[in-house]
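**Student:** My file is my_file.cif. It has mmCIF, C-alpha atoms:
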data_structure
loop_
_atom_site.group_PDB
_atom_site.id
_atom_site.type_symbol
_atom_site.label_atom_id
_atom_site.label_comp_id
_atom_site.auth_asym_id
_atom_site.auth_seq_id
_atom_site.Cartn_x
_atom_site.Cartn_y
_atom_site.Cartn_z
ATOM 1 C CA MET O 1 0.000 0.000 0.000
ATOM 2 C CA ARG O 2 1.371 3.406 -0.987
ATOM 3 C CA ILE O 3 0.134 6.668 0.484
ATOM 4 C CA TYR O 4 0.817 10.257 -0.556
ATOM 5 C CA GLU O 5 0.399 12.976 2.078
ATOM 6 C CA GLU O 6 1.010 16.683 1.764
ATOM 7 C CA LYS O 7 0.429 19.632 4.075
ATOM 8 C CA GLN O 8 0.587 23.135 2.652
ATOM 9 C CA ARG O 9 0.366 26.466 4.419
ATOM 10 C CA PHE O 10 0.168 30.066 3.379
ATOM 11 C CA ASN O 11 3.797 30.737 4.306
ATOM 12 C CA GLN O 12 4.820 32.888 1.376
ATOM 13 C CA TRP O 13 6.953 35.897 2.291
ATOM 14 C CA TRP O 14 4.144 38.371 1.563
ATOM 15 C CA MET O 15 1.742 36.478 3.878
ATOM 16 C CA LEU O 16 4.340 36.679 6.644
ATOM 17 C CA VAL O 17 4.642 40.431 5.983
ATOM 18 C CA ILE O 18 0.861 40.769 6.379
ATOM 19 C CA ASN O 19 0.888 38.769 9.620
ATOM 20 C CA PHE O 20 3.742 40.727 11.153
ATOM 21 C CA SER O 21 2.189 44.014 9.996
ATOM 22 C CA VAL O 22 -1.060 43.164 11.787
ATOM 23 C CA ILE O 23 0.926 42.219 14.896
ATOM 24 C CA GLY O 24 2.846 45.511 14.613
ATOM 25 C CA ILE O 25 -0.409 47.481 14.348
ATOM 26 C CA LEU O 26 -1.740 45.667 17.397
ATOM 27 C CA LEU O 27 1.397 46.482 19.401
ATOM 28 C CA TYR O 28 1.225 50.131 18.282
ATOM 29 C CA PHE O 29 -2.426 50.404 19.376
ATOM 30 C CA MET O 30 -1.659 48.839 22.739
ATOM 31 C CA TYR O 31 1.283 51.205 23.271
ATOM 32 C CA GLU O 32 -0.842 54.255 22.440
ATOM 33 C CA TRP O 33 -3.721 53.179 24.693
ATOM 34 C CA TYR O 34 -1.941 51.722 27.714
ATOM 35 C CA ILE O 35 1.450 53.468 27.871
ATOM 36 C CA ALA O 36 1.044 56.820 26.119
ATOM 37 C CA GLY O 37 -2.636 57.214 27.100
ATOM 38 C CA ASN O 38 -3.614 58.486 23.648
ATOM 39 C CA SER O 39 -6.607 57.793 21.447
ATOM 40 C CA VAL O 40 -6.182 55.809 18.260
ATOM 41 C CA ASP O 41 -8.619 57.010 15.609
ATOM 42 C CA LYS O 42 -11.985 57.046 17.435
ATOM 43 C CA VAL O 43 -11.000 54.647 20.230
ATOM 44 C CA SER O 44 -9.930 56.533 23.322
ATOM 45 C CA SER O 45 -7.567 55.244 25.982
ATOM 46 C CA SER O 46 -10.539 54.883 28.384
ATOM 47 C CA ASP O 47 -12.878 53.031 25.971
ATOM 48 C CA TYR O 48 -12.075 49.506 27.087
ATOM 49 C CA ALA O 49 -14.956 47.840 25.213
ATOM 50 C CA ALA O 50 -13.761 49.251 21.872
ATOM 51 C CA GLN O 51 -10.157 48.364 22.700
ATOM 52 C CA ILE O 52 -11.113 44.762 23.424
ATOM 53 C CA ALA O 53 -13.099 44.599 20.168
ATOM 54 C CA VAL O 54 -10.149 45.916 18.135
ATOM 55 C CA ILE O 55 -7.677 43.607 19.874
ATOM 56 C CA LEU O 56 -9.907 40.547 19.386
ATOM 57 C CA MET O 57 -10.446 41.376 15.722
ATOM 58 C CA LEU O 58 -6.718 41.723 15.044
ATOM 59 C CA VAL O 59 -5.869 38.559 17.012
ATOM 60 C CA LEU O 60 -8.520 36.624 15.057
ATOM 61 C CA VAL O 61 -7.084 37.855 11.734
ATOM 62 C CA VAL O 62 -3.576 36.735 12.706
ATOM 63 C CA ALA O 63 -4.855 33.380 14.034
ATOM 64 C CA LEU O 64 -6.840 32.748 10.860
ATOM 65 C CA LEU O 65 -3.845 33.492 8.643
ATOM 66 C CA PHE O 66 -1.667 31.128 10.690
ATOM 67 C CA LEU O 67 -4.300 28.348 10.733
ATOM 68 C CA LEU O 68 -5.055 28.359 6.998
ATOM 69 C CA GLY O 69 -3.767 25.250 5.292
ATOM 70 C CA LEU O 70 -4.495 22.452 2.844
ATOM 71 C CA LYS O 71 -3.947 18.808 3.705
ATOM 72 C CA THR O 72 -4.124 16.214 0.937
ATOM 73 C CA THR O 73 -3.939 12.424 1.207
ATOM 74 C CA ILE O 74 -4.008 9.949 -1.673
ATOM 75 C CA ASP O 75 -4.466 6.262 -0.868
ATOM 76 C CA GLU O 76 -6.377 3.157 -1.955
ATOM 77 C CA ASN O 77 -9.704 4.796 -0.989
ATOM 78 C CA GLY O 78 -9.264 7.886 -3.156
ATOM 79 C CA ILE O 79 -8.216 11.464 -2.574
ATOM 80 C CA GLN O 80 -8.934 13.193 0.718
ATOM 81 C CA TYR O 81 -8.491 16.906 1.233
ATOM 82 C CA GLN O 82 -9.134 19.383 4.010
ATOM 83 C CA PHE O 83 -8.841 23.155 3.795
ATOM 84 C CA ARG O 84 -8.451 24.224 7.418
ATOM 85 C CA PRO O 85 -10.174 25.846 9.234
ATOM 86 C CA PHE O 86 -13.113 25.875 6.793
ATOM 87 C CA HIS O 87 -13.510 22.103 6.477
ATOM 88 C CA ARG O 88 -14.141 20.460 9.832
ATOM 89 C CA GLY O 89 -13.170 17.054 8.505
ATOM 90 C CA LYS O 90 -11.610 15.531 5.440
ATOM 91 C CA LYS O 91 -13.544 15.531 2.177
ATOM 92 C CA THR O 92 -13.124 12.242 0.315
ATOM 93 C CA ILE O 93 -13.405 11.611 -3.404
ATOM 94 C CA SER O 94 -13.365 7.877 -4.094
ATOM 95 C CA TRP O 95 -11.671 6.460 -7.170
ATOM 96 C CA LYS O 96 -15.061 5.191 -8.380
ATOM 97 C CA GLU O 97 -16.429 8.743 -8.522
ATOM 98 C CA MET O 98 -13.637 9.892 -10.871
ATOM 99 C CA ASP O 99 -13.630 9.902 -14.635
ATOM 100 C CA LYS O 100 -10.124 11.409 -14.948
ATOM 101 C CA CYS O 101 -7.410 12.253 -12.434
ATOM 102 C CA TYR O 102 -3.984 13.721 -13.205
ATOM 103 C CA THR O 103 -1.547 16.437 -12.162
ATOM 104 C CA ARG O 104 -1.196 19.529 -14.278
ATOM 105 C CA LYS O 105 0.186 23.039 -14.431
ATOM 106 C CA TYR O 106 -2.464 25.728 -14.184
ATOM 107 C CA LYS O 107 -2.759 29.514 -14.093
ATOM 108 C CA PRO O 108 -4.103 30.325 -10.610
ATOM 109 C CA ILE O 109 -5.089 33.924 -11.272
ATOM 110 C CA LEU O 110 -6.456 33.489 -14.806
ATOM 111 C CA GLU O 111 -8.265 30.187 -14.220
ATOM 112 C CA TYR O 112 -9.421 30.548 -10.617
ATOM 113 C CA GLY O 113 -8.929 34.148 -9.551
ATOM 114 C CA GLY O 114 -6.058 33.373 -7.174
ATOM 115 C CA TRP O 115 -5.443 31.013 -4.275
ATOM 116 C CA GLY O 116 -7.706 29.691 -1.534
ATOM 117 C CA ILE O 117 -11.104 28.046 -1.886
ATOM 118 C CA LYS O 118 -12.172 29.200 -5.313
ATOM 119 C CA PRO O 119 -15.455 28.397 -7.029
ATOM 120 C CA VAL O 120 -15.225 28.730 -10.794
ATOM 121 C CA PRO O 121 -17.754 31.273 -12.113
ATOM 122 C CA LYS O 122 -20.580 29.912 -14.297
ATOM 123 C CA SER O 123 -19.826 26.286 -13.391
ATOM 124 C CA ASN O 124 -19.968 23.886 -10.474
ATOM 125 C CA ASP O 125 -16.165 23.485 -10.457
ATOM 126 C CA MET O 126 -13.913 24.206 -7.464
ATOM 127 C CA ALA O 127 -10.260 24.825 -6.736
ATOM 128 C CA TYR O 128 -8.496 24.383 -3.399
ATOM 129 C CA ASN O 129 -4.987 25.794 -3.539
ATOM 130 C CA VAL O 130 -2.492 27.511 -1.281
ATOM 131 C CA LYS O 131 0.424 28.473 -3.487
ATOM 132 C CA GLY O 132 2.174 27.636 -6.718
ATOM 133 C CA ASN O 133 0.774 26.599 -10.077
ATOM 134 C CA MET O 134 0.637 22.793 -9.938
ATOM 135 C CA GLY O 135 -2.421 20.796 -8.994
ATOM 136 C CA ILE O 136 -4.283 17.511 -9.027
ATOM 137 C CA GLN O 137 -7.092 17.848 -11.576
ATOM 138 C CA ILE O 138 -10.087 15.616 -10.900
ATOM 139 C CA HIS O 139 -12.939 15.146 -13.381
ATOM 140 C CA LEU O 140 -15.889 13.533 -11.640
ATOM 141 C CA LYS O 141 -18.356 11.279 -13.440
ATOM 142 C CA ASN O 142 -21.124 13.795 -12.642
ATOM 143 C CA GLY O 143 -19.305 16.420 -14.760
ATOM 144 C CA LYS O 144 -17.879 18.479 -11.890
ATOM 145 C CA LYS O 145 -14.171 19.339 -11.835
ATOM 146 C CA ILE O 146 -12.041 19.839 -8.728
ATOM 147 C CA LEU O 147 -8.469 21.092 -8.631
ATOM 148 C CA ILE O 148 -6.377 20.504 -5.497
ATOM 149 C CA GLY O 149 -3.064 22.342 -5.395
ATOM 150 C CA THR O 150 0.154 20.416 -4.824
ATOM 151 C CA GLN O 151 3.825 21.242 -4.395
ATOM 152 C CA ASN O 152 4.904 17.698 -5.310
ATOM 153 C CA PRO O 153 3.132 16.833 -8.572
ATOM 154 C CA ASP O 154 5.509 14.011 -9.549
ATOM 155 C CA ASN O 155 5.036 12.101 -6.281
ATOM 156 C CA ALA O 156 1.287 12.691 -6.362
ATOM 157 C CA GLN O 157 1.085 11.402 -9.947
ATOM 158 C CA ILE O 158 2.942 8.198 -9.037
ATOM 159 C CA VAL O 159 0.367 7.364 -6.363
ATOM 160 C CA ILE O 160 -2.544 8.447 -8.580
ATOM 161 C CA ASN O 161 -1.287 6.114 -11.317
ATOM 162 C CA ARG O 162 -1.038 3.263 -8.848
ATOM 163 C CA TYR O 163 -4.628 3.476 -7.648
ATOM 164 C CA PHE O 164 -6.542 5.243 -10.425
ATOM 165 C CA ASN O 165 -5.262 2.828 -13.055
ATOM 166 C CA ASN O 166 -6.205 -0.084 -10.751
ATOM 167 C CA GLU O 167 -2.619 -1.242 -10.228
ATOM 168 C CA GLY O 168 -2.956 -1.273 -6.434
ATOM 169 C CA ILE O 169 -6.567 -2.417 -6.097
#
Would you write the structure of this file as structure tokens?

**Tutor:**
Amino acid sequence: MRIYEEKQRFNQWWMLVINFSVIGILLYFMYEWYIAGNSVDKVSSSDYAAQIAVILMLVLVVALLFLLGLKTTIDENGIQYQFRPFHRGKKTISWKEMDKCYTRKYKPILEYGGWGIKPVPKSNDMAYNVKGNMGIQIHLKNGKKILIGTQNPDNAQIVINRYFNNEGI
């Protein structure tokens, strides 16, 4: 039995810049409110409810950006994927549901409008990607297409060939 597993995160340099910028803004606000005693925009140093709301919002943004990730598993049952934190559990596509399955190069911005969970306009197709331009393209027997991003297309294709072409079943 051969299994392919991959975990991807939004850890590109520009995502780290966004995260650290939000943390820097949070630290600046806290300095102004609690040390300097100044207002920041319309939130005064004595408006604790608004301060807590701002702090919670910024902490949630940072936490969400750190938690985002795509986990993919390919085994004898099919392809499982989970886009955290939006999917509570793994989504499974069995080999029997697939008409075609292969890795391919794609154009994330032109084809899907970028990275993340991306529905394709005017169709029932979906893309789940974190970074890069390589993915596992799945054509389901019901006509729907799903693209799952990968950073290791060669290894993924080896396992797909093993199970999708019935070599390992």

**Student:** Give the padded box for region 61-73 of chain O as JSON: axis-aligned, covering all atoms listed in the file, 3 Å on each side, centre and edge lengths in Å to one decimal.

**Tutor:**
{"center_x": -4.4, "center_y": 25.1, "center_z": 7.5, "size_x": 11.4, "size_y": 31.4, "size_z": 19.1}

**Student:** For the interface of region 86-125 of chain O with region 148-167 of chain O (cut-off 12 Å, counting all atoms listed in the file), please tabulate each contacting residue of region 86-125 of chain O alongside its nearest pair of atoms and their separation in Å to one decimal, rows sorted by chain and increasing number, as a Markdown table.

**Tutor:**
| residue | atom | partner | partner_atom | distance |
| --- | --- | --- | --- | --- |
| O:Lys91 | CA | O:Ile148 | CA | 11.6 |
| O:Ile93 | CA | O:Ile148 | CA | 11.5 |
| O:Ser94 | CA | O:Phe164 | CA | 9.7 |
| O:Trp95 | CA | O:Phe164 | CA | 6.2 |
| O:Lys96 | CA | O:Phe164 | CA | 8.8 |
| O:Glu97 | CA | O:Phe164 | CA | 10.7 |
| O:Met98 | CA | O:Phe164 | CA | 8.5 |
| O:Asp99 | CA | O:Phe164 | CA | 9.5 |
| O:Lys100 | CA | O:Phe164 | CA | 8.4 |
| O:Cys101 | CA | O:Ile160 | CA | 7.3 |
| O:Tyr102 | CA | O:Gln157 | CA | 6.5 |
| O:Thr103 | CA | O:Pro153 | CA | 5.9 |
| O:Arg104 | CA | O:Pro153 | CA | 7.7 |
| O:Lys105 | CA | O:Pro153 | CA | 9.0 |
| O:Tyr106 | CA | O:Gly149 | CA | 9.4 |
| O:Lys107 | CA | O:Gly149 | CA | 11.3 |
| O:Pro108 | CA | O:Gly149 | CA | 9.6 |
| O:Tyr112 | CA | O:Gly149 | CA | 11.6 |
| O:Gly114 | CA | O:Gly149 | CA | 11.6 |
| O:Trp115 | CA | O:Gly149 | CA | 9.1 |
| O:Gly116 | CA | O:Gly149 | CA | 9.5 |
| O:Ile117 | CA | O:Ile148 | CA | 9.6 |
| O:Lys118 | CA | O:Ile148 | CA | 10.5 |
| O:Asp125 | CA | O:Ile148 | CA | 11.4 |

**Student:** Applied to the shown file, which residues does the PyMOL selection byres ((chain O and resi 72-84) around 7) return, written as a ChimeraX atom specification?

**Tutor:** /O:2-7,67-71,85-87,89-95,159,163,169

**Student:** Taking the file as shown, find all residues satisfying the PyMOL selection byres ((chain O and resi 48-59) around 12) and write them as number ranges by chain.

**Tutor:** O: 18-34, 39-47, 60-66

**Student:** At what distance in Å, to one decimal, does CA of Asn124 (chain O) lie from CA of His139 (chain O)?

**Tutor:**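 Separation of CA of His139 (chain O) and CA of Asn124 (chain O): 11.6 Å.
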
**Student:** What does the distance from CA of Gly135 (chain O) to CA of Arg88 (chain O) come to in Å, to one decimal?

**Tutor:**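 Interatomic distance here is 22.2 Å.
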
**Student:** What is the CA of Val130 (chain O)-CA of Gln8 (chain O) distance in Å, reported with one decimal?

**Tutor:**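 Interatomic distance here is 6.6 Å.
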
**Student:** Evaluated on this file, the PyMOL selection byres ((chain O and resi 146) around 8) picks out some residues - which ones are they, written as a list of chain:residue names?

**Tutor:**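 Those residues are O:Asp125, O:Met126, O:Ala127, O:Tyr128, O:Gln137, O:Ile138, O:His139, O:Leu140, O:Lys144, O:Lys145, O:Leu147, O:Ile148.
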
**Student:** Please, could N, CA and C atoms be added to region 69-84 of chain O and the result written as a CSV table (one decimal), keeping the file's coordinate frame?

**Tutor:**
chain,number,residue,atom,x,y,z
O,69,GLY,N,-4.6,26.3,5.9
O,69,GLY,CA,-3.8,25.2,5.3
O,69,GLY,C,-4.6,24.2,4.5
O,70,LEU,N,-3.9,23.5,3.7
O,70,LEU,CA,-4.5,22.5,2.8
O,70,LEU,C,-3.8,21.1,3.1
O,71,LYS,N,-4.5,20.1,3.5
O,71,LYS,CA,-3.9,18.8,3.7
O,71,LYS,C,-4.6,17.9,2.7
O,72,THR,N,-3.7,17.1,2.0
O,72,THR,CA,-4.1,16.2,0.9
O,72,THR,C,-3.5,14.8,1.2
O,73,THR,N,-4.4,13.8,1.1
O,73,THR,CA,-3.9,12.4,1.2
O,73,THR,C,-4.5,11.6,0.0
O,74,ILE,N,-3.6,10.8,-0.6
O,74,ILE,CA,-4.0,9.9,-1.7
O,74,ILE,C,-3.7,8.5,-1.2
O,75,ASP,N,-4.7,7.7,-1.2
O,75,ASP,CA,-4.5,6.3,-0.9
O,75,ASP,C,-5.4,5.4,-1.6
O,76,GLU,N,-5.6,4.1,-1.2
O,76,GLU,CA,-6.4,3.2,-2.0
O,76,GLU,C,-7.9,3.5,-2.0
O,77,ASN,N,-8.3,4.4,-1.0
O,77,ASN,CA,-9.7,4.8,-1.0
O,77,ASN,C,-10.0,5.9,-1.9
O,78,GLY,N,-9.0,6.7,-2.3
O,78,GLY,CA,-9.3,7.9,-3.2
O,78,GLY,C,-8.4,9.1,-2.7
O,79,ILE,N,-8.9,10.2,-2.9
O,79,ILE,CA,-8.2,11.5,-2.6
O,79,ILE,C,-9.0,12.2,-1.5
O,80,GLN,N,-8.3,12.5,-0.4
O,80,GLN,CA,-8.9,13.2,0.7
O,80,GLN,C,-8.2,14.6,0.8
O,81,TYR,N,-9.1,15.6,1.1
O,81,TYR,CA,-8.5,16.9,1.2
O,81,TYR,C,-9.2,17.6,2.3
O,82,GLN,N,-8.5,18.6,3.0
O,82,GLN,CA,-9.1,19.4,4.0
O,82,GLN,C,-8.5,20.8,4.0
O,83,PHE,N,-9.3,21.8,3.8
O,83,PHE,CA,-8.8,23.2,3.8
O,83,PHE,C,-9.2,23.8,5.1
O,84,ARG,N,-8.2,23.7,6.1
O,84,ARG,CA,-8.5,24.2,7.4
O,84,ARG,C,-8.5,25.7,7.4
